[in-house]
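Only one structure is covered here, and it is reproduced in the block below.
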Amino acid sequence: MEIKIRTHYDRDALTAMARGLRKTVRRKKSRRSRIVGVVLMVLAFLFGVGDLILNPGWKAWLDLGVAVVLLLILLTEDRVNGFLAGRKVLPGARDTETVFTEQDYTTTIQNAETRWSYESIRAIAEGENFIVLALSDRHAQVFDKRGITAGTPEELRTLLRDKTGLPVTKM
């Protein structure tokens with residue numbers, strides 16, 4: 001059985017990849033970072049409101065601005081991480097074709113082909129349109145379920161679960 005997938009690493013794919021890492025191998029670190037971010041946002045907001053009431057001026061508006069920026073970053077964390085990951089994608093590596101077989105899977109980009117072992121996968125996450133394979137805390141691969149040219153998403157999910165022994169985390 002072979003499953004073939006074409007994926008374009010665009011903003012949506014990179015955002016899904018960042019979300020997949022956050023929901024699996026970065027879960028604890030992400031939770032701690034969010035707690036710190038919320039605490040800092042609340043403090044900046046309280047200082048801004050306090051300054052606005054007691055001593056109106058530019059410092060109060062600066063504190064409130066910092067609170068708003070922190071809120072925006074917390075709400076768009078996956079998009080920001082996806083954007084940063086997109087800046088590191090090698091030229092010619094945005095369009096991939098991957099073939100999953102019983103032994104391993106092979107990813108082909110413009111000028112290279114890489115063979116991957118299922119043992120290198122640390123976690124699997126699945127969203128509405130994407131399946132993410134986490135290889136480490138900082139590295140992942142994303143596959144667009146809409147780009148499957150041979151096989152089905154269910155067959156891919158079953159193959160990955162059987163070969164890795166890992167659960168598929170919903171994202």
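As shown in the structure tokens, the chain order sets the letters A, B, ...; within each chain, residues go from 1, and ligands are also counted from 1 in the order they appear.
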Report task. Give the strand (DSSP E or B) residues of chain A, as DSSP finds them on the backbone, and put them as a PyMOL selection string. Result -> chain A and resi 3-8+95-100+105-108+113-116+123-126+130-134+140-144+148-150+168-170
Query raised in the report: Got a sec: who's within 9 Å of Gly82 in chain A, counting only C-alpha atoms, leaving out chain neighbours fewer than 4 positions off, as a count of residues only?
Result: 13
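For the choices A:Leu74, A:Leu160, A:Leu166, A:Ile53, the atom-to-atom distance to Arg31 in chain A is smallest for A:Leu74 when using only C-alpha atoms.
Residues lying within 9 Å of Gly127 in chain A, counting only C-alpha atoms and ignoring same-chain neighbours fewer than 3 positions away, are Ala16, Gly20, Phe130, Ile131, Val132, Thr169, Lys170 and Met171 of chain A.
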Query - Pick from A:Arg122, A:Arg94, A:His139, A:Arg146, whichever lies nearest to Pro167 in chain A using only C-alpha atoms - result: A:Arg122
Query - range 4-6 of chain A surroundings by only C-alpha atoms, 9 Å radius, close-in-sequence under 2 positions cut, as a PyMOL selection string - result: chain A and resi 2+8+95-100+143-151
I need the chosen residues saved as a compact mmCIF listing (two decimals), in the first residue's frame, with all heavy atoms.
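Listing of part_38.txt after writing:
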# COMPACT_ATOMS: atom_id res chain seq x y z
N GLU A 2 0.59 2.15 -0.89
CA GLU A 2 1.29 3.43 -0.97
C GLU A 2 0.29 4.56 -0.82
O GLU A 2 -0.80 4.52 -1.39
CB GLU A 2 1.98 3.60 -2.32
CG GLU A 2 3.35 3.02 -2.40
CD GLU A 2 4.06 3.46 -3.67
OE1 GLU A 2 3.47 4.17 -4.50
OE2 GLU A 2 5.22 3.07 -3.81
N HIS A 8 1.98 21.99 -0.07
CA HIS A 8 2.62 23.29 -0.28
C HIS A 8 2.74 23.95 1.09
O HIS A 8 1.73 24.14 1.78
CB HIS A 8 1.80 24.17 -1.23
CG HIS A 8 2.39 25.52 -1.42
ND1 HIS A 8 3.56 25.73 -2.11
CD2 HIS A 8 2.00 26.74 -0.98
CE1 HIS A 8 3.85 27.01 -2.10
NE2 HIS A 8 2.92 27.65 -1.42
N ASP A 95 7.26 23.15 -1.93
CA ASP A 95 6.38 22.16 -2.55
C ASP A 95 7.01 20.78 -2.38
O ASP A 95 8.13 20.54 -2.82
CB ASP A 95 6.19 22.46 -4.03
CG ASP A 95 5.41 23.74 -4.25
OD1 ASP A 95 4.31 23.86 -3.67
OD2 ASP A 95 5.89 24.63 -4.98
N THR A 96 6.26 19.89 -1.72
CA THR A 96 6.78 18.55 -1.45
C THR A 96 5.81 17.49 -1.97
O THR A 96 4.62 17.73 -2.09
CB THR A 96 6.98 18.32 0.06
OG1 THR A 96 5.70 18.32 0.71
CG2 THR A 96 7.86 19.39 0.67
N GLU A 97 6.37 16.35 -2.25
CA GLU A 97 5.56 15.17 -2.54
C GLU A 97 6.12 14.05 -1.67
O GLU A 97 7.32 13.78 -1.67
CB GLU A 97 5.63 14.77 -4.01
CG GLU A 97 4.75 13.56 -4.28
CD GLU A 97 4.59 13.25 -5.75
OE1 GLU A 97 5.48 13.64 -6.54
OE2 GLU A 97 3.60 12.63 -6.10
N THR A 98 5.24 13.44 -0.90
CA THR A 98 5.65 12.40 0.03
C THR A 98 4.93 11.11 -0.29
O THR A 98 3.73 11.11 -0.57
CB THR A 98 5.34 12.82 1.48
OG1 THR A 98 5.98 14.08 1.74
CG2 THR A 98 5.86 11.81 2.47
N VAL A 99 5.68 10.01 -0.26
CA VAL A 99 5.13 8.69 -0.49
C VAL A 99 5.34 7.86 0.78
O VAL A 99 6.48 7.65 1.21
CB VAL A 99 5.79 8.00 -1.70
CG1 VAL A 99 5.22 6.60 -1.89
CG2 VAL A 99 5.62 8.84 -2.95
N PHE A 100 4.24 7.43 1.38
CA PHE A 100 4.28 6.58 2.57
C PHE A 100 4.15 5.13 2.14
O PHE A 100 3.23 4.78 1.39
CB PHE A 100 3.13 6.92 3.52
CG PHE A 100 3.27 8.26 4.19
CD1 PHE A 100 2.80 9.40 3.58
CD2 PHE A 100 3.87 8.36 5.44
CE1 PHE A 100 2.92 10.64 4.20
CE2 PHE A 100 4.00 9.60 6.06
CZ PHE A 100 3.52 10.73 5.44
N PHE A 143 1.48 17.62 6.45
CA PHE A 143 0.95 17.02 5.24
C PHE A 143 -0.49 17.46 5.06
O PHE A 143 -1.31 17.35 5.96
CB PHE A 143 1.04 15.49 5.32
CG PHE A 143 2.46 15.02 5.54
CD1 PHE A 143 2.88 14.67 6.81
CD2 PHE A 143 3.36 14.99 4.50
CE1 PHE A 143 4.19 14.27 7.03
CE2 PHE A 143 4.67 14.60 4.72
CZ PHE A 143 5.09 14.23 5.98
N ASP A 144 -0.79 17.96 3.88
CA ASP A 144 -2.12 18.48 3.55
C ASP A 144 -3.01 17.32 3.12
O ASP A 144 -2.77 16.69 2.09
CB ASP A 144 -2.00 19.51 2.43
CG ASP A 144 -3.27 20.29 2.20
OD1 ASP A 144 -4.34 19.85 2.65
OD2 ASP A 144 -3.19 21.36 1.57
N LYS A 145 -4.04 17.04 3.91
CA LYS A 145 -4.95 15.93 3.59
C LYS A 145 -5.68 16.16 2.27
O LYS A 145 -6.05 15.21 1.60
CB LYS A 145 -5.95 15.71 4.73
CG LYS A 145 -5.29 15.23 6.01
CD LYS A 145 -6.29 14.73 7.03
CE LYS A 145 -7.09 15.82 7.65
NZ LYS A 145 -7.93 15.34 8.78
N ARG A 146 -5.85 17.44 1.88
CA ARG A 146 -6.50 17.74 0.61
C ARG A 146 -5.59 17.43 -0.58
O ARG A 146 -6.05 17.37 -1.71
CB ARG A 146 -6.93 19.20 0.57
CG ARG A 146 -7.93 19.57 1.66
CD ARG A 146 -8.04 21.04 1.84
NE ARG A 146 -6.74 21.56 2.29
CZ ARG A 146 -6.51 22.80 2.65
NH1 ARG A 146 -7.47 23.68 2.60
NH2 ARG A 146 -5.32 23.18 3.05
N GLY A 147 -4.29 17.22 -0.30
CA GLY A 147 -3.34 16.93 -1.36
C GLY A 147 -3.06 15.45 -1.54
O GLY A 147 -2.12 15.08 -2.25
N ILE A 148 -3.85 14.61 -0.93
CA ILE A 148 -3.63 13.16 -1.07
C ILE A 148 -4.04 12.74 -2.48
O ILE A 148 -5.18 12.96 -2.90
CB ILE A 148 -4.42 12.38 0.00
CG1 ILE A 148 -3.86 12.69 1.39
CG2 ILE A 148 -4.38 10.88 -0.29
CD1 ILE A 148 -4.58 12.01 2.53
N THR A 149 -3.08 12.15 -3.20
CA THR A 149 -3.35 11.72 -4.58
C THR A 149 -3.52 10.21 -4.68
O THR A 149 -4.03 9.72 -5.68
CB THR A 149 -2.22 12.18 -5.53
OG1 THR A 149 -0.98 11.65 -5.06
CG2 THR A 149 -2.15 13.69 -5.59
N ALA A 150 -3.07 9.47 -3.68
CA ALA A 150 -3.27 8.01 -3.64
C ALA A 150 -3.50 7.63 -2.18
O ALA A 150 -2.70 7.97 -1.31
CB ALA A 150 -2.05 7.28 -4.19
N GLY A 151 -4.61 6.96 -1.92
CA GLY A 151 -4.96 6.61 -0.55
C GLY A 151 -5.96 7.60 0.03
O GLY A 151 -6.47 8.48 -0.67
Requested in this report: Name all residues at most 12 Å from Pro91 in chain A (count only C-alpha atoms; drop same-chain ones fewer than 6 positions away) and give them as JSON, numbers by chain.
Outcome: {"A": [9, 109, 110, 111, 112]}
Write a file of the just-selected residues containing C-alpha atoms, as a PDB file, in the first residue's frame.
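After the write, again_19.pdb holds the following:
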ATOM      1  CA  TYR A   9       4.199  24.885   2.791  1.00  0.00           C
ATOM      2  CA  ILE A 109      11.396  18.479  -3.019  1.00  0.00           C
ATOM      3  CA  GLN A 110      12.712  20.369  -6.040  1.00  0.00           C
ATOM      4  CA  ASN A 111      16.278  18.999  -6.047  1.00  0.00           C
ATOM      5  CA  ALA A 112      16.387  16.427  -3.259  1.00  0.00           C
TER       6      ALA A 112
END
Query raised in the report: Which is closest to Val168 in chain A among A:Ala123, A:Leu64, A:Val36, A:Val142, if we use only C-alpha atoms?
Result: A:Ala123
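Closest approach to Ala134 in chain A from the set A:Asp162, A:Gly37, A:Tyr118, A:Glu102 is made by A:Tyr118, with distances taken over only C-alpha atoms.
Using only C-alpha atoms, the shortest contact distance between Ser30 in chain A and any of A:Asp137, A:Ala85, A:Val49, A:Asp63 is found at A:Asp137.
CA of Thr76 in chain A is found 15.2 Å from CA of Ile35 in chain A.
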